[in-house]
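*Asks:* Below is the structure I would like to discuss, written out as structure tokens.
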Amino acid sequence: MKILQLISSEGYYGAESMLLALARTLPEFGCGSIVAVFRDARAHNGELEKRAAALGLQVETVACAGRWDWRAAGRVRELVRAQGVDVLHTHGYKADVYGYAAAWPNRVALVATCHNWPSRLLSMRAYAAIDRVVLRNFDRVATASGPVAESLSRWGLAAHKLKTIPNGVDMEPFRAAYGDLPTALPKDPGTQRLVGFVGRLVPDKGGALLLSAAQTVLSAYPEARFVFAGEGPARAEWEALAAKLGIGSRVFFAGRQENMPAFYASLDMVVLPSFTEAMPMCLLEALAAAKPVVATAVGAIPKVIVPGVTGLLCEPGDARALSASILRLLRDPDLARSLGANGRAHVTRHFAVDVVAQSYIGLYQEALHHQSHQPEVPAVWERSRP
């Protein structure tokens, strides 16, 4: 069985990491694996292809002139034919739409993973509306959490097509990692109590709330430093907020990191104060690195973070509880070490990528066995045939 993983590389670290871990693991179970990435001149940095190539994966690029370049569907279709693909596995709105178009008339099995909630950005609503229709014609759709599956069900997806499969993490790179701080961060051992945030810099991730909590933490524990890894539209706003709160010199925005295992190894804890989530990869990776976690009780996070066992949980929007939890771990290193060790064991048992890969292989087999009848394809897609 050969699987083509199709994704648009636009900075969604969690989806990319999950895809790469899955693609790297599938060959261990006898499945060929190819990673295909849209190359959009407007928003393309090539990082995903570099990460995939570094893992020894076969990487293909799909040129796409813009948001609605239907010639890209023909390019994906030819890739499916040339590589003898059995299952086309799409990740994200753009991949879903173009993958659906490319699957006809190949009769390749279609599987999608919805990594998170539907985007509420105005610019993405057109994609989301089409995605609702397109996904109904997929053979199987996976979600990382139950709430996302419920949302898809409300869109009209048939229950037998939906399956919740948690994200999985490749444990090995995190076991062998050693700390390597970005050059912009201080190297003074007195400032090595680092509190890290990893993810897209968008409002729903709660970065502004974390900065408010950081002000309280730093007044009580001035040796701490806060580090944000990732990029996104809220970066300038959060940088300005840190300066306004008087903590700008102790908050660092490090951007996207090429070596995430080394970055996690440098931290004393990871904090994710999100207002909405599915199953964030950054928490799985933090626990794989044996780092204690403070997070909000949203989405599937409570399945990963067991309070007092694998981490600490707060209610979303509660800056006071967030700062108290961070201070508790800074002041109690024994508790921090215990949570980190328990977290690594928990992730190894339930969220290691080899366990998740077997679930996906079962889903691929279902998609092949119960492949839908050929759907009717809009004329615009028919014209995209080479």
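If you're wondering about the labels, chains in the structure tokens are A, B, ... by order shown, residues count from 1 in each chain, ligands from 1 in order shown.
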With a distance cut-off of 8 Å and only C-alpha atoms, select the neighbouring residues of Gln58 of chain A, excluding the residue or stretch itself and same-chain residues fewer than 4 positions from it, and output the selection as JSON, numbers by chain.

*Replies:* {"A": [33, 34, 35, 52, 53]}

*Asks:* Can you list, as a list in words, every protein, DNA or RNA residue that comes within 10 Å of Ala242 of chain A when you count only C-alpha atoms, leaving out same-chain residues fewer than 4 positions away?

*Replies:*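 The residues satisfying every condition are Ala208, Leu211, Ser212, Ala214, Gln215, Ala236, Glu237, Trp238, Gly246, Ile247, Gly248, Ser249, Arg250, Val251 and Phe252 of chain A.
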
*Asks:* So the first atom is atom CA of Ala129 of chain A and the second is atom CA of Thr113 of chain A; what is the distance between them in Å, to one decimal place?

*Replies:*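 Between these atoms lies a distance of 16.6 Å.
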
*Asks:* Using only C-alpha atoms, which residues sit within 6 Å of segment 166-173 of chain A once same-chain residues fewer than 5 positions away are excluded, as a CSV table (one decimal) with C-alpha atoms, in the first residue's frame?

*Replies:*
```
chain,number,residue,atom,x,y,z
A,21,ALA,CA,6.2,11.5,12.1
A,144,ALA,CA,-7.4,14.4,16.6
A,288,ALA,CA,8.3,13.3,25.1
A,351,PHE,CA,0.7,8.7,21.9
A,352,ALA,CA,3.9,7.2,20.4
A,353,VAL,CA,3.7,7.5,16.6
A,356,VAL,CA,-1.0,6.0,16.0
```

*Asks:* Residues of segment 13-207 of chain A in strand (DSSP E) according to DSSP, as a PyMOL selection string?

*Replies:* chain A and resi 32-40+58-64+87-91+109-114+140-143+162-164+193-198

*Asks:* Measuring between only C-alpha atoms, which one of A:Ile3, A:Val195, A:Leu329, A:Val97 shows the shortest distance to Pro27 of chain A?

*Replies:*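 Looking only at the distances to Pro27 of chain A, the closest residue turns out to be A:Ile3.
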
*Asks:* Kindly give the distance, in Å, that separates atom CA of Trp104 of chain A and atom CA of Ala15 of chain A, rounded to a single decimal.

*Replies:* 25.3 Å

*Asks:* Excluding same-chain residues fewer than 2 positions from segment 256-273 of chain A, what lies within 7 Å of it counting only C-alpha atoms, as a list of chain:residue names?

*Replies:* A:Pro173, A:Phe174, A:Ala177, A:Tyr178, A:Gly179, A:Asp180, A:Leu181, A:Arg193, A:Leu194, A:Val195, A:Gly196, A:Phe197, A:Lys205, A:Gly206, A:Leu210, A:Ala229, A:Gly230, A:Glu231, A:Ala254, A:Phe275, A:Ala286, A:Ala289, A:Lys291, A:Pro292, A:Val293, A:Val294, A:Ala295, A:Thr296, A:Pro316

*Asks:* Pick out each residue of segment 231-316 of chain A that DSSP on the backbone tags as alpha helix (DSSP H); I need them as JSON, numbers by chain.

*Replies:* {"A": [235, 236, 237, 238, 239, 240, 241, 242, 243, 244, 260, 261, 262, 263, 264, 265, 266, 281, 282, 283, 284, 285, 286, 287, 288, 301, 302, 303, 304]}

*Asks:* Quick one: residues within 7 Å of Leu287 of chain A, only C-alpha atoms counted, chain neighbours fewer than 4 positions away excluded, as a ChimeraX atom specification?

*Replies:* /A:283,291-292,340,343-344,347

*Asks:* Measuring atom to atom with only C-alpha atoms, identify which of A:Asp40, A:Asp131, A:Glu78, A:Glu47 is nearest to Ser17 of chain A.

*Replies:*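 Looking only at the distances to Ser17 of chain A, the closest residue turns out to be A:Glu47.
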
*Asks:* For atom CA of Arg140 of chain A and atom CA of Asp86 of chain A, determine how far apart the two atoms are, in Å to one decimal place.

*Replies:*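 Separation between atom CA of Arg140 of chain A and atom CA of Asp86 of chain A: 13.7 Å.
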
*Asks:* Between A:Arg136, A:Val80, A:Met1, A:His89, which is the closest to Gly30 of chain A once you count only C-alpha atoms?

*Replies:*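 Selected residue with least distance to Gly30 of chain A: A:Met1.
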